[in-house]
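Shown next: entry.txt, containing compact mmCIF, C-alpha atoms.
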# COMPACT_ATOMS: atom_id res chain seq x y z
CA MET A 1 -11.49 10.63 21.20
CA SER A 2 -11.67 13.19 18.39
CA SER A 3 -8.92 13.66 15.82
CA ALA A 4 -8.18 17.09 17.36
CA ALA A 5 -7.66 15.39 20.72
CA TYR A 6 -5.35 12.80 19.13
CA ARG A 7 -3.41 15.61 17.54
CA ARG A 8 -3.05 17.46 20.86
CA VAL A 9 -1.61 14.29 22.42
CA ILE A 10 1.06 13.85 19.76
CA GLU A 11 1.93 17.54 19.57
CA ALA A 12 3.44 17.22 23.04
CA ILE A 13 6.03 14.86 21.54
CA THR A 14 6.96 17.36 18.82
CA ARG A 15 7.78 19.97 21.47
CA VAL A 16 10.91 18.03 22.42
CA ARG A 17 13.96 19.65 20.80
CA GLY A 18 15.14 17.63 17.80
CA VAL A 19 11.84 15.92 17.07
CA ARG A 20 10.84 16.50 13.44
CA GLY A 21 7.42 15.02 13.73
CA ALA A 22 5.14 12.57 15.45
CA MET A 23 2.28 10.41 14.28
CA LEU A 24 -0.38 8.12 15.56
CA VAL A 25 -0.67 5.18 13.18
CA ALA A 26 -3.17 2.33 12.86
CA ALA A 27 -0.87 -0.62 13.57
CA ALA A 28 -2.63 -3.16 11.36
CA ASP A 29 -3.20 -0.85 8.39
CA GLY A 30 -0.13 1.39 8.46
CA LEU A 31 -2.39 4.41 7.94
CA ILE A 32 -2.07 7.76 9.73
CA VAL A 33 -4.66 8.48 12.42
CA ALA A 34 -3.20 11.86 13.41
CA ASP A 35 0.08 13.59 12.63
CA ALA A 36 2.17 16.63 13.40
CA LEU A 37 5.05 16.59 10.95
CA MET A 38 7.60 19.05 9.64
CA GLU A 39 7.50 19.72 5.92
CA GLY A 40 9.47 17.24 3.88
CA ILE A 41 8.58 14.16 5.90
CA ARG A 42 6.55 11.69 3.83
CA GLY A 43 3.99 10.85 6.49
CA ASN A 44 2.21 8.12 4.53
CA ALA A 45 5.48 6.35 3.76
CA VAL A 46 6.77 6.61 7.34
CA ALA A 47 3.45 5.34 8.74
CA ALA A 48 3.24 2.35 6.42
CA LEU A 49 6.88 1.36 6.83
CA ALA A 50 6.99 1.94 10.60
CA ALA A 51 3.91 -0.25 11.10
CA SER A 52 5.48 -2.95 8.94
CA LEU A 53 8.78 -2.64 10.83
CA VAL A 54 7.11 -2.99 14.24
CA LYS A 55 5.10 -5.98 13.02
CA ARG A 56 8.24 -7.74 11.78
CA VAL A 57 10.32 -6.79 14.80
CA GLY A 58 7.47 -8.09 16.96
CA ASN A 59 7.51 -11.41 15.11
CA ALA A 60 11.28 -11.66 15.56
CA SER A 61 11.19 -10.76 19.25
CA GLU A 62 8.35 -13.18 19.95
CA ALA A 63 10.17 -15.94 18.06
CA SER A 64 13.27 -15.30 20.15
CA GLY A 65 11.25 -15.56 23.34
CA VAL A 66 11.55 -11.97 24.55
CA GLY A 67 7.90 -11.06 23.94
CA ARG A 68 6.33 -8.13 22.13
CA PRO A 69 8.43 -4.97 21.80
CA HIS A 70 7.55 -2.05 24.10
CA PHE A 71 9.71 0.43 22.24
CA VAL A 72 11.59 0.27 18.94
CA GLN A 73 14.41 2.68 18.24
CA LEU A 74 15.98 2.75 14.78
CA ARG A 75 19.08 4.90 14.41
CA GLY A 76 19.92 5.97 10.86
CA THR A 77 22.73 8.11 9.48
CA GLU A 78 20.46 11.16 9.19
CA GLY A 79 18.15 10.68 12.15
CA MET A 80 16.08 8.39 14.27
CA LEU A 81 12.77 6.58 14.06
CA LEU A 82 11.14 5.86 17.42
CA THR A 83 8.01 3.75 17.76
CA LEU A 84 5.90 2.84 20.74
CA PRO A 85 2.99 0.40 20.37
CA THR A 86 -0.01 1.58 22.42
CA GLY A 87 -2.39 -1.29 22.92
CA GLU A 88 -3.20 -3.64 20.07
CA GLU A 89 -4.36 -1.10 17.54
CA LEU A 90 -2.25 2.03 17.62
CA LEU A 91 1.36 2.95 17.22
CA LEU A 92 3.07 6.16 18.26
CA VAL A 93 5.82 7.13 15.83
CA ALA A 94 8.37 9.92 16.17
CA VAL A 95 10.98 11.05 13.65
CA ALA A 96 13.92 12.86 15.22
CA ASP A 97 17.39 14.26 14.62
CA PRO A 98 20.32 11.93 15.33
CA ASP A 99 21.38 13.88 18.44
CA VAL A 100 17.91 14.03 20.04
CA ASN A 101 17.52 13.21 23.72
CA VAL A 102 15.99 9.75 23.26
CA GLY A 103 15.08 9.40 26.94
CA LEU A 104 13.07 12.60 26.85
CA VAL A 105 11.27 11.66 23.64
CA ARG A 106 10.49 8.22 25.04
CA LEU A 107 9.10 9.81 28.20
CA GLU A 108 6.84 12.10 26.14
CA MET A 109 5.75 9.13 24.03
CA LEU A 110 4.88 7.16 27.17
CA ARG A 111 2.89 10.15 28.49
CA ALA A 112 1.13 10.43 25.14
CA ALA A 113 0.33 6.71 25.26
CA GLU A 114 -1.19 7.20 28.73
CA GLY A 115 -3.23 10.07 27.33
CA LEU A 116 -4.56 7.75 24.67
CA ALA A 117 -5.55 4.98 27.06
CA MET B 1 7.64 -17.87 -5.23
CA LYS B 2 4.56 -17.67 -7.47
CA PRO B 3 5.34 -16.31 -10.90
CA THR B 4 4.83 -12.91 -12.41
CA ARG B 5 3.51 -13.17 -15.97
CA VAL B 6 3.07 -10.31 -18.40
CA VAL B 7 1.56 -9.94 -21.85
CA GLU B 8 3.84 -6.97 -22.49
CA PRO B 9 7.44 -7.26 -21.24
CA TRP B 10 7.81 -3.60 -20.19
CA ALA B 11 5.30 -4.24 -17.37
CA ALA B 12 7.37 -6.98 -15.70
CA PRO B 13 10.07 -5.00 -13.81
CA PRO B 14 7.64 -2.51 -12.20
CA LEU B 15 5.26 -5.31 -11.21
CA GLU B 16 8.04 -7.49 -9.77
CA ARG B 17 9.35 -4.53 -7.77
CA PHE B 18 5.86 -3.77 -6.46
CA VAL B 19 5.30 -7.38 -5.39
CA ALA B 20 8.68 -7.55 -3.63
CA GLU B 21 8.17 -4.28 -1.75
CA SER B 22 4.49 -4.49 -0.86
CA ALA B 23 4.44 -8.25 -0.12
CA ALA B 24 1.26 -8.50 -2.21
CA ARG B 25 0.04 -12.04 -2.82
CA LEU B 26 -1.96 -11.58 -6.00
CA VAL B 27 -1.87 -8.72 -8.49
CA LEU B 28 -3.77 -8.09 -11.71
CA LEU B 29 -3.06 -5.15 -13.99
CA MET B 30 -5.86 -4.68 -16.50
CA SER B 31 -7.97 -2.34 -18.56
CA PRO B 32 -11.33 -1.13 -17.19
CA SER B 33 -12.98 -3.77 -19.38
CA GLY B 34 -11.03 -6.52 -17.60
CA GLN B 35 -8.37 -7.22 -20.24
CA VAL B 36 -5.32 -8.32 -18.24
CA PHE B 37 -1.83 -7.23 -19.30
CA ALA B 38 0.13 -8.50 -16.30
CA GLN B 39 -0.47 -10.71 -13.30
CA HIS B 40 1.34 -12.08 -10.29
CA GLY B 41 0.44 -15.06 -8.15
CA PHE B 42 -2.42 -16.61 -10.10
CA THR B 43 -1.89 -20.15 -11.26
CA ARG B 44 -5.11 -20.79 -13.19
CA ALA B 45 -6.49 -18.89 -16.17
CA VAL B 46 -10.02 -19.23 -14.87
CA ASP B 47 -9.08 -17.43 -11.65
CA VAL B 48 -7.52 -14.57 -13.62
CA MET B 49 -10.62 -14.20 -15.78
CA SER B 50 -12.96 -14.31 -12.77
CA ALA B 51 -10.91 -11.88 -10.70
CA ALA B 52 -10.50 -9.50 -13.66
CA ALA B 53 -14.22 -9.55 -14.43
CA LEU B 54 -15.17 -9.03 -10.77
CA GLY B 55 -12.59 -6.28 -10.25
CA ALA B 56 -13.65 -4.44 -13.39
CA GLY B 57 -17.29 -4.83 -12.32
CA ILE B 58 -16.62 -3.37 -8.87
CA VAL B 59 -14.79 -0.38 -10.33
CA ALA B 60 -17.59 0.16 -12.86
CA SER B 61 -20.18 0.03 -10.04
CA THR B 62 -18.32 2.43 -7.77
CA GLY B 63 -17.64 4.69 -10.76
CA GLU B 64 -21.37 4.88 -11.35
CA MET B 65 -21.96 5.62 -7.65
CA ALA B 66 -19.31 8.35 -7.87
CA ARG B 67 -21.21 9.81 -10.81
CA MET B 68 -24.43 9.77 -8.77
CA VAL B 69 -22.83 11.74 -5.93
CA GLU B 70 -21.14 14.04 -8.46
CA GLU B 71 -17.62 12.88 -7.74
CA PRO B 72 -15.30 12.59 -10.76
CA SER B 73 -14.30 9.04 -9.79
CA PHE B 74 -12.99 7.05 -6.85
CA ALA B 75 -9.22 6.65 -7.08
CA ALA B 76 -8.98 3.53 -4.95
CA LEU B 77 -11.11 1.07 -3.06
CA ASN B 78 -10.01 -1.12 -0.18
CA HIS B 79 -11.76 -4.03 1.45
CA GLN B 80 -10.20 -5.29 4.67
CA GLY B 81 -11.02 -8.88 5.53
CA ALA B 82 -10.04 -10.91 8.57
CA HIS B 83 -7.05 -12.50 6.83
CA HIS B 84 -6.74 -10.78 3.47
CA GLY B 85 -7.33 -7.33 2.07
CA ILE B 86 -8.32 -6.38 -1.46
CA PHE B 87 -7.14 -3.10 -2.97
CA LEU B 88 -8.50 -1.82 -6.27
CA GLY B 89 -6.77 1.22 -7.70
CA SER B 90 -7.21 3.21 -10.90
CA PHE B 91 -4.37 4.76 -12.84
CA THR B 92 -3.71 6.17 -16.27
CA LEU B 93 -1.14 5.05 -18.82
CA PRO B 94 -0.44 6.83 -22.12
CA ARG B 95 -2.81 4.35 -23.79
CA GLY B 96 -5.66 5.11 -21.36
CA PRO B 97 -7.16 4.28 -17.96
CA MET B 98 -6.10 1.06 -16.23
CA LEU B 99 -6.93 -0.83 -13.03
CA ALA B 100 -4.89 -2.74 -10.50
CA LEU B 101 -6.36 -5.40 -8.27
CA VAL B 102 -4.11 -6.34 -5.35
CA VAL B 103 -4.75 -9.04 -2.75
CA TYR B 104 -2.55 -8.83 0.34
CA GLY B 105 -2.23 -10.90 3.48
CA PRO B 106 -1.29 -10.27 7.11
CA ASP B 107 2.37 -9.76 6.16
CA SER B 108 1.41 -6.54 4.41
CA SER B 109 -1.06 -3.70 5.01
CA VAL B 110 -3.21 -1.29 3.08
CA GLY B 111 -0.71 1.45 3.96
CA LEU B 112 2.16 -0.48 2.37
CA VAL B 113 0.10 -1.40 -0.69
CA GLN B 114 -1.00 2.21 -1.19
CA LEU B 115 2.54 3.47 -0.73
CA PHE B 116 4.10 1.13 -3.27
CA PHE B 117 1.11 1.37 -5.61
CA GLU B 118 2.05 5.02 -6.15
CA GLU B 119 5.56 3.89 -7.12
CA LEU B 120 4.17 1.12 -9.33
CA VAL B 121 2.09 3.66 -11.25
CA ARG B 122 5.08 5.99 -11.66
CA ASP B 123 7.22 3.09 -12.93
CA LEU B 124 4.52 1.86 -15.32
CA VAL B 125 3.96 5.33 -16.76
CA GLN B 126 7.72 5.69 -17.34
CA SER B 127 8.03 2.22 -18.90
CA ALA B 128 4.89 2.18 -21.03
CA PRO B 129 5.40 2.66 -24.76
CA ALA B 130 3.44 5.24 -26.73
CA PRO B 131 -0.04 4.01 -27.64
CA ALA B 132 -0.35 2.09 -30.92
CA PRO B 133 -2.77 3.35 -33.59
CA ALA B 134 -6.31 2.09 -33.00
CA ARG B 135 -7.36 -1.06 -34.89
CA PRO B 136 -10.91 -1.96 -35.84
CA ALA B 137 -12.48 -3.97 -33.01
CA LEU B 138 -13.74 -7.23 -34.51
CA ALA B 139 -15.08 -10.14 -32.51
CA ALA B 140 -12.54 -12.48 -34.14
CA ASP B 141 -9.67 -10.15 -33.19
CA PHE B 142 -10.93 -9.96 -29.62
CA GLU B 143 -11.05 -13.75 -29.33
CA ASN B 144 -7.56 -14.10 -30.82
CA ASP B 145 -6.19 -11.35 -28.54
CA LEU B 146 -7.79 -12.97 -25.50
CA ASN B 147 -6.39 -16.40 -26.36
CA GLU B 148 -2.92 -14.96 -27.02
CA SER B 149 -2.99 -13.05 -23.73
CA LEU B 150 -4.06 -16.10 -21.74
CA ALA B 151 -1.44 -18.24 -23.48
CA THR B 152 1.22 -15.69 -22.54
CA LEU B 153 0.01 -15.31 -18.98
CA PHE B 154 -0.02 -19.07 -18.39
CA ARG B 155 2.50 -20.39 -20.94
CA THR B 156 -0.15 -22.74 -22.43
File written out as C-alpha cells:
Amino acid sequence: MSSAAYRRVIEAITRVRGVRGAMLVAAADGLIVADALMEGIRGNAVAALAASLVKRVGNASEASGVGRPHFVQLRGTEGMLLTLPTGEELLLVAVADPDVNVGLVRLEMLRAAEGLA
Amino acid sequence: MKPTRVVEPWAAPPLERFVAESAARLVLLMSPSGQVFAQHGFTRAVDVMSAAALGAGIVASTGEMARMVEEPSFAALNHQGAHHGIFLGSFTLPRGPMLALVVYGPDSSVGLVQLFFEELVRDLVQSAPAPAPARPALAADFENDLNESLATLFRT
C-alpha cells in the first residue's frame, strides 16, 4: 500500500466532526507512517507517546488477564486520544475534541483498520 | 537504577530528565572526537571508552558519506536490533558540535528517543556555560584531562 493510500484511509477518520487529526503509527517504533493533522498538533510527539501508551496499557491488560487492548480511549481535560491497534505492526491514532461522538470515530477507525488489512 | 555521571555538573539535570522520560538504558554525551562529558548506565570505564570511540567513528564515517553525496551532514542515525536500538544524534552547544549515543530497549522506541532527544538538546543548550578560551593542546594535558574525566565519571 502506498503512503497516499494510507493517507486516504486515515482521512476518512478526520471527516468525523470534532476529530482534529488522525495518524497511522508504527507500533514498535512510535514513528508516523501517515498523518492528517490540524495545525498545532505535534504529530511526532503524539505518535511516540501514543505507541508507548498502548504498549504499556497492553502490558497491564495482559498482566491482569484481560488480553491485548482492542481500543484505548484517553479522555483529557482538553480533548481525547483514541487508539486502535491494527495487527501487530500498526496503530491508528485519532486526536479529538472532548465532546466528539466516540462511537462514530471508533466506527470510522474500525473501517480504516479493515481498509488497511 | 544505574547512575548518571557527569564531568560537568550543568549536564546532569538535562541528562537525568532525558533518561527518565525516554527510558533509555545507556547514554553517552561526547565531543565528535569521543571525549565524554556525561554518561548514564555504564558501569565500567572501558565500556565508556569503547562505546565513545565506536560512536564517534560511526558519526565520522557517515559524515564522510554525507560529504560524498553532497549532504551537509546526517543529523541522526538509528540502528534497530531485535532487542535493543542504538540512536546516534548530533547537536551543537555554544562550545561546538557534540554527539549523543543512546541505547534503548523494548520499553522505549526510536520515536520516544527522538522526541525527548530534541528536549535534551534544548535543555543542554540552555544550561551550557559560555565556551572557555582555547588552551594549547598538549599531549600531557590531554592525558590529564582524560584521567580526570574518567575519574569523575566512575568515582575512581
Neighbours of Phe87 in chain B within 8 Å (only C-alpha atoms; same-chain residues fewer than 4 positions away dropped), as a list in words?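 In the requested form, the answer reads Ala76, Leu77, Asn78, His79, Ala100, Leu101, Val102, Val103, Val110 and Val113 of chain B.
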Keeping only C-alpha atoms, write the selected residues as a PDB file, keeping the file's coordinate frame.
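Written out: out18.pdb:
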ATOM      1  CA  ALA B  76      -8.980   3.530  -4.950  1.00  0.00           C
ATOM      2  CA  LEU B  77     -11.110   1.070  -3.060  1.00  0.00           C
ATOM      3  CA  ASN B  78     -10.010  -1.120  -0.180  1.00  0.00           C
ATOM      4  CA  HIS B  79     -11.760  -4.030   1.450  1.00  0.00           C
ATOM      5  CA  ALA B 100      -4.890  -2.740 -10.500  1.00  0.00           C
ATOM      6  CA  LEU B 101      -6.360  -5.400  -8.270  1.00  0.00           C
ATOM      7  CA  VAL B 102      -4.110  -6.340  -5.350  1.00  0.00           C
ATOM      8  CA  VAL B 103      -4.750  -9.040  -2.750  1.00  0.00           C
ATOM      9  CA  VAL B 110      -3.210  -1.290   3.080  1.00  0.00           C
ATOM     10  CA  VAL B 113       0.100  -1.400  -0.690  1.00  0.00           C
TER      11      VAL B 113
END
Applying 10 Å and all atoms listed in the file, which residues near Leu116 in chain A remain after dropping the ones on its own chain fewer than 2 positions away? List them as a PDB file with C-alpha atoms, keeping the file's coordinate frame.
ATOM      1  CA  MET A   1     -11.490  10.630  21.200  1.00  0.00           C
ATOM      2  CA  ALA A   5      -7.660  15.390  20.720  1.00  0.00           C
ATOM      3  CA  TYR A   6      -5.350  12.800  19.130  1.00  0.00           C
ATOM      4  CA  VAL A   9      -1.610  14.290  22.420  1.00  0.00           C
ATOM      5  CA  ILE A  10       1.060  13.850  19.760  1.00  0.00           C
ATOM      6  CA  THR A  86      -0.010   1.580  22.420  1.00  0.00           C
ATOM      7  CA  GLY A  87      -2.390  -1.290  22.920  1.00  0.00           C
ATOM      8  CA  LEU A  90      -2.250   2.030  17.620  1.00  0.00           C
ATOM      9  CA  LEU A 110       4.880   7.160  27.170  1.00  0.00           C
ATOM     10  CA  ARG A 111       2.890  10.150  28.490  1.00  0.00           C
ATOM     11  CA  ALA A 112       1.130  10.430  25.140  1.00  0.00           C
ATOM     12  CA  ALA A 113       0.330   6.710  25.260  1.00  0.00           C
ATOM     13  CA  GLU A 114      -1.190   7.200  28.730  1.00  0.00           C
TER      14      GLU A 114
END
Within-8 Å shell of (11.3, 13.2, 18.8) in input frame, only C-alpha atoms, as a list in words: Ile13, Thr14, Val16, Arg17, Gly18, Val19, Arg20, Gly21, Ala22, Leu82, Ala94, Val95, Ala96, Asp97, Val100, Asn101, Val102 and Val105 of chain A
Surrounding residues of range 115-127 of chain B excluding itself and chain neighbours under 4 positions, 8 Å, only C-alpha atoms, as a short mmCIF file (atom, residue, chain, number, x, y, z; two decimals) with C-alpha atoms, in the frame of the given file:
data_model
loop_
_atom_site.label_atom_id
_atom_site.label_comp_id
_atom_site.auth_asym_id
_atom_site.auth_seq_id
_atom_site.Cartn_x
_atom_site.Cartn_y
_atom_site.Cartn_z
CA ASN A 44 2.21 8.12 4.53
CA ALA A 45 5.48 6.35 3.76
CA ALA A 48 3.24 2.35 6.42
CA TRP B 10 7.81 -3.60 -20.19
CA ALA B 11 5.30 -4.24 -17.37
CA PRO B 14 7.64 -2.51 -12.20
CA LEU B 15 5.26 -5.31 -11.21
CA ARG B 17 9.35 -4.53 -7.77
CA PHE B 18 5.86 -3.77 -6.46
CA GLU B 21 8.17 -4.28 -1.75
CA SER B 22 4.49 -4.49 -0.86
CA PHE B 91 -4.37 4.76 -12.84
CA THR B 92 -3.71 6.17 -16.27
CA LEU B 93 -1.14 5.05 -18.82
CA PRO B 94 -0.44 6.83 -22.12
CA GLY B 111 -0.71 1.45 3.96
#
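If we count all atoms listed in the file, these residues of chain A sit within 12 Å of chain B: Val25, Ala26, Ala27, Ala28, Asp29, Gly30, Leu31, Ile32, Val33, Arg42, Gly43, Asn44, Ala45, Val46, Ala47, Ala48, Leu49, Ala50, Ala51, Ser52, Leu53, Val54, Lys55, Arg56 and Asn59 of chain A.
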Could the residues in this selection be saved with C-alpha atoms as a compact mmCIF listing (two decimals), in the coordinates of the input?
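Final output, saved to again_1.txt:
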# COMPACT_ATOMS: atom_id res chain seq x y z
CA VAL A 25 -0.67 5.18 13.18
CA ALA A 26 -3.17 2.33 12.86
CA ALA A 27 -0.87 -0.62 13.57
CA ALA A 28 -2.63 -3.16 11.36
CA ASP A 29 -3.20 -0.85 8.39
CA GLY A 30 -0.13 1.39 8.46
CA LEU A 31 -2.39 4.41 7.94
CA ILE A 32 -2.07 7.76 9.73
CA VAL A 33 -4.66 8.48 12.42
CA ARG A 42 6.55 11.69 3.83
CA GLY A 43 3.99 10.85 6.49
CA ASN A 44 2.21 8.12 4.53
CA ALA A 45 5.48 6.35 3.76
CA VAL A 46 6.77 6.61 7.34
CA ALA A 47 3.45 5.34 8.74
CA ALA A 48 3.24 2.35 6.42
CA LEU A 49 6.88 1.36 6.83
CA ALA A 50 6.99 1.94 10.60
CA ALA A 51 3.91 -0.25 11.10
CA SER A 52 5.48 -2.95 8.94
CA LEU A 53 8.78 -2.64 10.83
CA VAL A 54 7.11 -2.99 14.24
CA LYS A 55 5.10 -5.98 13.02
CA ARG A 56 8.24 -7.74 11.78
CA ASN A 59 7.51 -11.41 15.11
Students should find that CA of Gly34 in chain B and CA of Arg95 in chain B are spaced 15.0 Å
From CA of Asn147 in chain B to CA of Ala24 in chain B the spacing works out at 26.5 Å
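Relative to CA of Ser149 in chain B, CA of Val6 in chain B is found at 8.5 Å.
Closest approach to Ala56 in chain B among B:Ser90, B:Asn144, B:Thr152, B:Thr4: B:Ser90, based on only C-alpha atoms.
Between Leu146 in chain B and the candidates B:Ala66, B:Leu29, B:Met49, B:Ala20, the tightest atom-to-atom separation, counting all atoms listed in the file, involves B:Met49.
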Report as JSON the centre and the edge lengths, in Å to one decimal, of the axis-aligned box holding every listed atom of range 141-153 of chain B, padded by 4 Å on each side.
{"center_x": -4.9, "center_y": -14.1, "center_z": -26.1, "size_x": 20.3, "size_y": 16.3, "size_z": 22.2}
Would you mind telling me which residue in A:Gly58, A:Leu104, A:Ala117, A:Ala34 lies nearest to Arg15 in chain A when using all atoms listed in the file?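 Of all the options, A:Leu104 lies closest to Arg15 in chain A.
The closest residue to Pro9 in chain B, picked from B:Ala45, B:Ala128, B:Ile58, B:Ala75 and counting only C-alpha atoms, is B:Ala128.
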Complete the atoms of range 77-100 of chain B to N, CA and C atoms and put them out as a PDB file, keeping the file's coordinate frame.
ATOM      1  N   LEU B  77     -10.101   1.728  -3.887  1.00  0.00           N
ATOM      2  CA  LEU B  77     -11.110   1.070  -3.060  1.00  0.00           C
ATOM      3  C   LEU B  77     -10.390  -0.019  -2.276  1.00  0.00           C
ATOM      4  N   ASN B  78     -10.664  -0.093  -0.980  1.00  0.00           N
ATOM      5  CA  ASN B  78     -10.010  -1.120  -0.180  1.00  0.00           C
ATOM      6  C   ASN B  78     -11.038  -1.895   0.620  1.00  0.00           C
ATOM      7  N   HIS B  79     -10.901  -3.206   0.611  1.00  0.00           N
ATOM      8  CA  HIS B  79     -11.760  -4.030   1.450  1.00  0.00           C
ATOM      9  C   HIS B  79     -10.858  -4.824   2.383  1.00  0.00           C
ATOM     10  N   GLN B  80     -11.051  -4.620   3.687  1.00  0.00           N
ATOM     11  CA  GLN B  80     -10.200  -5.290   4.670  1.00  0.00           C
ATOM     12  C   GLN B  80     -10.941  -6.498   5.232  1.00  0.00           C
ATOM     13  N   GLY B  81     -10.431  -7.678   4.962  1.00  0.00           N
ATOM     14  CA  GLY B  81     -11.020  -8.880   5.530  1.00  0.00           C
ATOM     15  C   GLY B  81     -10.279  -9.307   6.780  1.00  0.00           C
ATOM     16  N   ALA B  82     -10.687 -10.432   7.342  1.00  0.00           N
ATOM     17  CA  ALA B  82     -10.040 -10.910   8.570  1.00  0.00           C
ATOM     18  C   ALA B  82      -8.608 -11.369   8.288  1.00  0.00           C
ATOM     19  N   HIS B  83      -8.383 -11.974   7.146  1.00  0.00           N
ATOM     20  CA  HIS B  83      -7.050 -12.500   6.830  1.00  0.00           C
ATOM     21  C   HIS B  83      -6.418 -11.856   5.595  1.00  0.00           C
ATOM     22  N   HIS B  84      -7.259 -11.388   4.694  1.00  0.00           N
ATOM     23  CA  HIS B  84      -6.740 -10.780   3.470  1.00  0.00           C
ATOM     24  C   HIS B  84      -7.425  -9.446   3.225  1.00  0.00           C
ATOM     25  N   GLY B  85      -6.734  -8.593   2.508  1.00  0.00           N
ATOM     26  CA  GLY B  85      -7.330  -7.330   2.070  1.00  0.00           C
ATOM     27  C   GLY B  85      -7.314  -7.279   0.548  1.00  0.00           C
ATOM     28  N   ILE B  86      -8.265  -6.559  -0.010  1.00  0.00           N
ATOM     29  CA  ILE B  86      -8.320  -6.380  -1.460  1.00  0.00           C
ATOM     30  C   ILE B  86      -8.252  -4.886  -1.741  1.00  0.00           C
ATOM     31  N   PHE B  87      -7.319  -4.512  -2.587  1.00  0.00           N
ATOM     32  CA  PHE B  87      -7.140  -3.100  -2.970  1.00  0.00           C
ATOM     33  C   PHE B  87      -7.380  -2.996  -4.466  1.00  0.00           C
ATOM     34  N   LEU B  88      -8.242  -2.077  -4.849  1.00  0.00           N
ATOM     35  CA  LEU B  88      -8.500  -1.820  -6.270  1.00  0.00           C
ATOM     36  C   LEU B  88      -8.146  -0.368  -6.546  1.00  0.00           C
ATOM     37  N   GLY B  89      -7.207  -0.141  -7.414  1.00  0.00           N
ATOM     38  CA  GLY B  89      -6.770   1.220  -7.700  1.00  0.00           C
ATOM     39  C   GLY B  89      -6.844   1.530  -9.176  1.00  0.00           C
ATOM     40  N   SER B  90      -7.183   2.774  -9.503  1.00  0.00           N
ATOM     41  CA  SER B  90      -7.210   3.210 -10.900  1.00  0.00           C
ATOM     42  C   SER B  90      -5.950   4.017 -11.195  1.00  0.00           C
ATOM     43  N   PHE B  91      -5.488   3.926 -12.409  1.00  0.00           N
ATOM     44  CA  PHE B  91      -4.370   4.760 -12.840  1.00  0.00           C
ATOM     45  C   PHE B  91      -4.458   4.949 -14.350  1.00  0.00           C
ATOM     46  N   THR B  92      -3.638   5.860 -14.849  1.00  0.00           N
ATOM     47  CA  THR B  92      -3.710   6.170 -16.270  1.00  0.00           C
ATOM     48  C   THR B  92      -2.353   5.984 -16.928  1.00  0.00           C
ATOM     49  N   LEU B  93      -2.342   5.210 -18.000  1.00  0.00           N
ATOM     50  CA  LEU B  93      -1.140   5.050 -18.820  1.00  0.00           C
ATOM     51  C   LEU B  93      -1.333   5.870 -20.098  1.00  0.00           C
ATOM     52  N   PRO B  94      -0.265   6.069 -20.879  1.00  0.00           N
ATOM     53  CA  PRO B  94      -0.440   6.830 -22.120  1.00  0.00           C
ATOM     54  C   PRO B  94      -1.556   6.264 -23.007  1.00  0.00           C
ATOM     55  N   ARG B  95      -1.786   4.959 -22.930  1.00  0.00           N
ATOM     56  CA  ARG B  95      -2.810   4.350 -23.790  1.00  0.00           C
ATOM     57  C   ARG B  95      -4.223   4.461 -23.203  1.00  0.00           C
ATOM     58  N   GLY B  96      -4.325   4.923 -21.939  1.00  0.00           N
ATOM     59  CA  GLY B  96      -5.660   5.110 -21.360  1.00  0.00           C
ATOM     60  C   GLY B  96      -5.753   4.643 -19.923  1.00  0.00           C
ATOM     61  N   PRO B  97      -6.968   4.662 -19.361  1.00  0.00           N
ATOM     62  CA  PRO B  97      -7.160   4.280 -17.960  1.00  0.00           C
ATOM     63  C   PRO B  97      -6.937   2.779 -17.739  1.00  0.00           C
ATOM     64  N   MET B  98      -6.390   2.450 -16.580  1.00  0.00           N
ATOM     65  CA  MET B  98      -6.100   1.060 -16.230  1.00  0.00           C
ATOM     66  C   MET B  98      -6.522   0.821 -14.777  1.00  0.00           C
ATOM     67  N   LEU B  99      -6.575  -0.445 -14.403  1.00  0.00           N
ATOM     68  CA  LEU B  99      -6.930  -0.830 -13.030  1.00  0.00           C
ATOM     69  C   LEU B  99      -5.883  -1.786 -12.483  1.00  0.00           C
ATOM     70  N   ALA B 100      -5.717  -1.737 -11.177  1.00  0.00           N
ATOM     71  CA  ALA B 100      -4.890  -2.740 -10.500  1.00  0.00           C
ATOM     72  C   ALA B 100      -5.724  -3.375  -9.404  1.00  0.00           C
TER      73      ALA B 100
END
